[in-house]
Amino acid sequence: MKERIYLSSPHMGGAEQKFVQDAFDTNWIAPLGPNVDGFEADLEKYLGHGSHVAALSSGTAALHLALILSGVQAGDEVICQTMTFSASANPIVYQGATPIFVDSEADTWNISPIYLENAIKDRIKAGKMPKAIVAVHLYGMPFKVDEVTAIAQKYAIPLIEDSAEAIGSLYQGRKCGTFGDLAILSFNGNKVITTSGGGALVAGNEATKNKALFLATQARDEAPHYQHSQIGYNYRMSNICAGIGRGQMEVLDSHIEMRRANHQFYKDLFSANSEVSVFEESHHDYYSNHWLSCITVSKKAGFTNHELRLALAKDNIESRPLWKPMHLQPVFSEAPFYGDDTAENLFTHGLCLPSGSNLTEGQKQRIQEVIRSFV
Ligand SMILES: *Cc1c(COP(=O)(O)O)cnc(C)c1O
């Protein structure tokens with residue numbers, strides 16, 4: 001069996017172990033400590049625009065807190081992009097709220113401003129103002145930030161920016177994660193940078209960050225004993241994981257360059273095949289980190305995305321269909337949906353290709369050979 005080529009695997013830069021060793025040397029083996037503070041400061045500097053960052057145990061935890069901080073409660077409705085990973089939608093249900101799914105548009109594969117506004121108007125007509133909007137920068141591609149924020153502001157609905165896949169991506173030169181009322185990042189093992197598992201909440205001010213930290217550390221009131229007047233969570237990032245994160249920050253920009261080089265590799269590889277399109281920026285407002293390079297295969301290609309996936313799998317190369325839209329998931333079959341078949345068609349015809357920043361020239365060679373001989 002040939003060595004496995006993964007879709008996106010962790011890629012250490014080298015400095016991570018030094019920060020982890022520091023944690024051991026000083027016995028900061030806790031969900032707080034100098035690495036957590038340092039990692040948050042690194043992220044705040046990286047994102048800019050007055051960002052205040054709370055490092056948490058996962059991106060999912062960050063989304064859950066973002067919903068709580070937006071005032072989402074049981075019985076409420078929250079609008080969510082349907083074309084995404086389930087973690088964008090699950091925390092809505094943790095709160096006892098109902099997700100209202102909205103289709104994508106073709107340029108960015110992200111939430112359609114048209115269907116978004118239709119959904120809001122229709123929910124208002126039915127007597128329910130949505131409590132929040134969860135919009136996602138899918139595969140690192142920024143959503144239509146200007147149009148989506150304008151709609152959120154018009155109806156005064158908090159916008160939660162799911163930037164789990166989009167650290168380092170830009171919209172009009174400004175970093176994703178700085179546009180929403182709140183934003184989240186993920187440092188899961190398959191993301192652009194990893195802390196082995198982790199996430200962050202990005203807030204626009206210190207007070208909101210402090211509220212998030214309060215909730216993330218069991219909601220302990222000010223008192224010498226343990227006193228609680230709210231339900232809390234154990235969502236803080238450990239000082240060990242944050243050490244990995246600090247090391248990863250040193251290589252973040254170079255790893256994004258490598259992901260973007262992978263994307264160029266696939267563009268070159270498929271340039272002669274007009275029936276396969278490589279997903280890319282539709283306009284110079286958008287700059288994607290190209291977390292994953294994705295293609296869609298047209299019906300006229302003479303082969304399907306699934307056949308290509310199986311050909312790659314035969315050579316022990318991992319690829320995966322695009323996210324299956326949430327409104328097509330059995331668990332969300334009851335949830336309202338606004339849109340057409342845009343997300344569904346992406347799922348039916350799309351494929352994510354190996355995109356790790358640690359993809360070697362030899363591995364690209366193998367991918368190229370399999371794809372060339374298959375196509
Ligand atoms: C990974 C991911 C999350 C969840 O992040 P975790 O750190 O794995 O909990 C949320 N939204 C999207 C779009 C993701 O890709």
# chains A, B, ... in the order shown; residues from 1 in each chain; ligands from 1
>>> residues_around(residues="region 106-116 of chain A", least_positions_apart="3", cutoff="8 Å", atoms="only C-alpha atoms", output="MDAnalysis selection string")
chainID A and resid 81:83 102:103 119:120 135:138 141:144 147:148 151 281:282 338:339 342:343
>>> residues_around(residues="Gly140 (chain A)", least_positions_apart="2", cutoff="8 Å", atoms="only C-alpha atoms", output="tab-separated table (two decimals) with N, CA, C and O atoms, in the first residue's frame")
chain	number	residue	atom	x	y	z
A	137	HIS	N	-17.59	31.45	6.10
A	137	HIS	CA	-16.62	31.62	5.01
A	137	HIS	C	-16.14	30.22	4.63
A	137	HIS	O	-15.12	29.72	5.15
A	138	LEU	N	-16.88	29.57	3.74
A	138	LEU	CA	-16.66	28.15	3.47
A	138	LEU	C	-15.36	27.89	2.71
A	138	LEU	O	-15.07	28.57	1.73
A	142	PRO	N	-14.32	34.08	1.59
A	142	PRO	CA	-15.19	35.02	2.30
A	142	PRO	C	-16.59	35.07	1.69
A	142	PRO	O	-16.75	34.98	0.47
A	163	SER	N	-15.79	31.76	11.06
A	163	SER	CA	-14.53	31.89	10.34
A	163	SER	C	-13.61	30.70	10.63
A	163	SER	O	-12.39	30.80	10.52
A	165	GLU	N	-12.89	28.14	9.04
A	165	GLU	CA	-12.06	27.67	7.92
A	165	GLU	C	-11.29	28.80	7.26
A	165	GLU	O	-10.62	28.60	6.25
A	166	ALA	N	-11.40	30.01	7.81
A	166	ALA	CA	-10.97	31.18	7.04
A	166	ALA	C	-9.95	32.08	7.75
A	166	ALA	O	-9.84	33.26	7.42
A	167	ILE	N	-9.17	31.52	8.66
A	167	ILE	CA	-8.14	32.37	9.27
A	167	ILE	C	-7.17	32.82	8.18
A	167	ILE	O	-6.72	32.02	7.35
A	169	SER	N	-7.92	34.63	5.59
A	169	SER	CA	-8.62	35.07	4.38
A	169	SER	C	-8.99	36.54	4.53
A	169	SER	O	-9.15	37.03	5.64
A	288	SER	N	-8.92	34.17	-0.63
A	288	SER	CA	-9.16	32.96	0.16
A	288	SER	C	-7.84	32.36	0.63
A	288	SER	O	-6.86	32.36	-0.13
A	289	ASN	N	-7.85	31.80	1.84
A	289	ASN	CA	-6.66	31.04	2.28
A	289	ASN	C	-6.62	29.67	1.58
A	289	ASN	O	-5.66	28.94	1.73
A	290	HIS	N	-7.68	29.36	0.83
A	290	HIS	CA	-7.81	28.06	0.16
A	290	HIS	C	-7.50	26.92	1.10
A	290	HIS	O	-6.70	26.04	0.80
A	291	TRP	N	-8.20	26.96	2.24
A	291	TRP	CA	-8.06	25.88	3.24
A	291	TRP	C	-8.16	24.52	2.53
A	291	TRP	O	-7.27	23.69	2.67
A	292	LEU	N	-9.25	24.32	1.80
A	292	LEU	CA	-9.34	23.14	0.93
A	292	LEU	C	-9.54	23.60	-0.50
A	292	LEU	O	-10.32	24.52	-0.76
>>> closest_atom_pairs(of="chain A", to="ligand 1", cutoff="7 Å", atoms="only C-alpha atoms and all ligand atoms", output="tab-separated table")
residue	atom	partner	partner_atom_place_in_ligand_line	distance
A:Ser58	CA	ligand 1	7 (O)	3.9
A:Gly59	CA	ligand 1	7 (O)	3.5
A:Thr60	CA	ligand 1	9 (O)	3.7
A:Ala61	CA	ligand 1	9 (O)	6.5
A:Thr84	CA	ligand 1	13 (C)	5.4
A:Phe85	CA	ligand 1	13 (C)	5.0
A:Ala87	CA	ligand 1	10 (C)	4.6
A:Ser88	CA	ligand 1	11 (N)	4.6
A:Val136	CA	ligand 1	13 (C)	6.0
A:Leu138	CA	ligand 1	13 (C)	6.2
A:Asp162	CA	ligand 1	11 (N)	5.8
A:Ser163	CA	ligand 1	13 (C)	6.9
A:Ala164	CA	ligand 1	14 (C)	4.8
A:Glu165	CA	ligand 1	15 (O)	5.2
A:Ser186	CA	ligand 1	7 (O)	4.1
A:Phe187	CA	ligand 1	7 (O)	5.5
A:Asn188	CA	ligand 1	7 (O)	4.6
A:Lys191	CA	ligand 1	1 (C)	6.9
A:Gly197	CA	ligand 1	7 (O)	6.2
A:Gly198	CA	ligand 1	7 (O)	5.2
A:Gly199	CA	ligand 1	7 (O)	5.1
>>> closest_residue(among="A:Val145, A:Leu346, A:Ile295, A:Cys241", to="Pro31 (chain A)", atoms="only C-alpha atoms")
A:Cys241
>>> atom_distance(atom1="CA of Leu56 (chain A)", atom2="CA of Val202 (chain A)")
10.6 Å
>>> atom_distance(atom1="CA of Leu269 (chain A)", atom2="CA of Ile193 (chain A)")
26.1 Å
>>> select_by_dssp(residues="region 187-294 of chain A", states="helix (DSSP H, G or I)", output="mmCIF file with C-alpha atoms, in the first residue's frame")
data_model
loop_
_atom_site.group_PDB
_atom_site.id
_atom_site.type_symbol
_atom_site.label_atom_id
_atom_site.label_comp_id
_atom_site.auth_asym_id
_atom_site.auth_seq_id
_atom_site.Cartn_x
_atom_site.Cartn_y
_atom_site.Cartn_z
ATOM 1 C CA GLU A 206 -13.087 43.748 26.134
ATOM 2 C CA ALA A 207 -16.393 43.566 28.037
ATOM 3 C CA THR A 208 -17.839 40.997 25.622
ATOM 4 C CA LYS A 209 -14.632 38.965 25.748
ATOM 5 C CA ASN A 210 -14.821 38.986 29.550
ATOM 6 C CA LYS A 211 -18.426 37.787 29.451
ATOM 7 C CA ALA A 212 -17.326 34.922 27.205
ATOM 8 C CA LEU A 213 -14.497 34.022 29.595
ATOM 9 C CA PHE A 214 -16.929 34.128 32.535
ATOM 10 C CA LEU A 215 -19.289 31.681 30.811
ATOM 11 C CA ALA A 216 -16.389 29.520 29.594
ATOM 12 C CA ASN A 239 -2.280 26.138 28.389
ATOM 13 C CA ILE A 240 -0.710 23.096 26.663
ATOM 14 C CA CYS A 241 -2.882 23.458 23.552
ATOM 15 C CA ALA A 242 -2.311 27.221 23.497
ATOM 16 C CA GLY A 243 1.444 26.510 23.429
ATOM 17 C CA ILE A 244 0.955 24.600 20.176
ATOM 18 C CA GLY A 245 -1.097 27.549 18.917
ATOM 19 C CA ARG A 246 1.664 30.046 19.667
ATOM 20 C CA GLY A 247 4.109 27.957 17.663
ATOM 21 C CA GLN A 248 1.608 27.676 14.809
ATOM 22 C CA MET A 249 1.202 31.459 14.671
ATOM 23 C CA LEU A 252 0.563 30.778 9.734
ATOM 24 C CA ASP A 253 1.339 33.105 6.834
ATOM 25 C CA SER A 254 3.756 30.703 5.165
ATOM 26 C CA HIS A 255 1.274 27.839 5.525
ATOM 27 C CA ILE A 256 -1.423 29.922 3.848
ATOM 28 C CA GLU A 257 1.005 30.552 0.980
ATOM 29 C CA MET A 258 1.461 26.783 0.665
ATOM 30 C CA ARG A 259 -2.308 26.172 0.608
ATOM 31 C CA ARG A 260 -2.663 28.816 -2.066
ATOM 32 C CA ALA A 261 0.130 27.136 -4.034
ATOM 33 C CA ASN A 262 -1.823 23.859 -3.850
ATOM 34 C CA HIS A 263 -4.798 25.693 -5.299
ATOM 35 C CA GLN A 264 -2.653 26.961 -8.184
ATOM 36 C CA PHE A 265 -1.406 23.393 -8.714
ATOM 37 C CA TYR A 266 -5.002 22.182 -9.172
ATOM 38 C CA LYS A 267 -5.840 25.110 -11.438
ATOM 39 C CA ASP A 268 -2.921 24.175 -13.680
ATOM 40 C CA LEU A 269 -3.794 20.491 -13.501
#
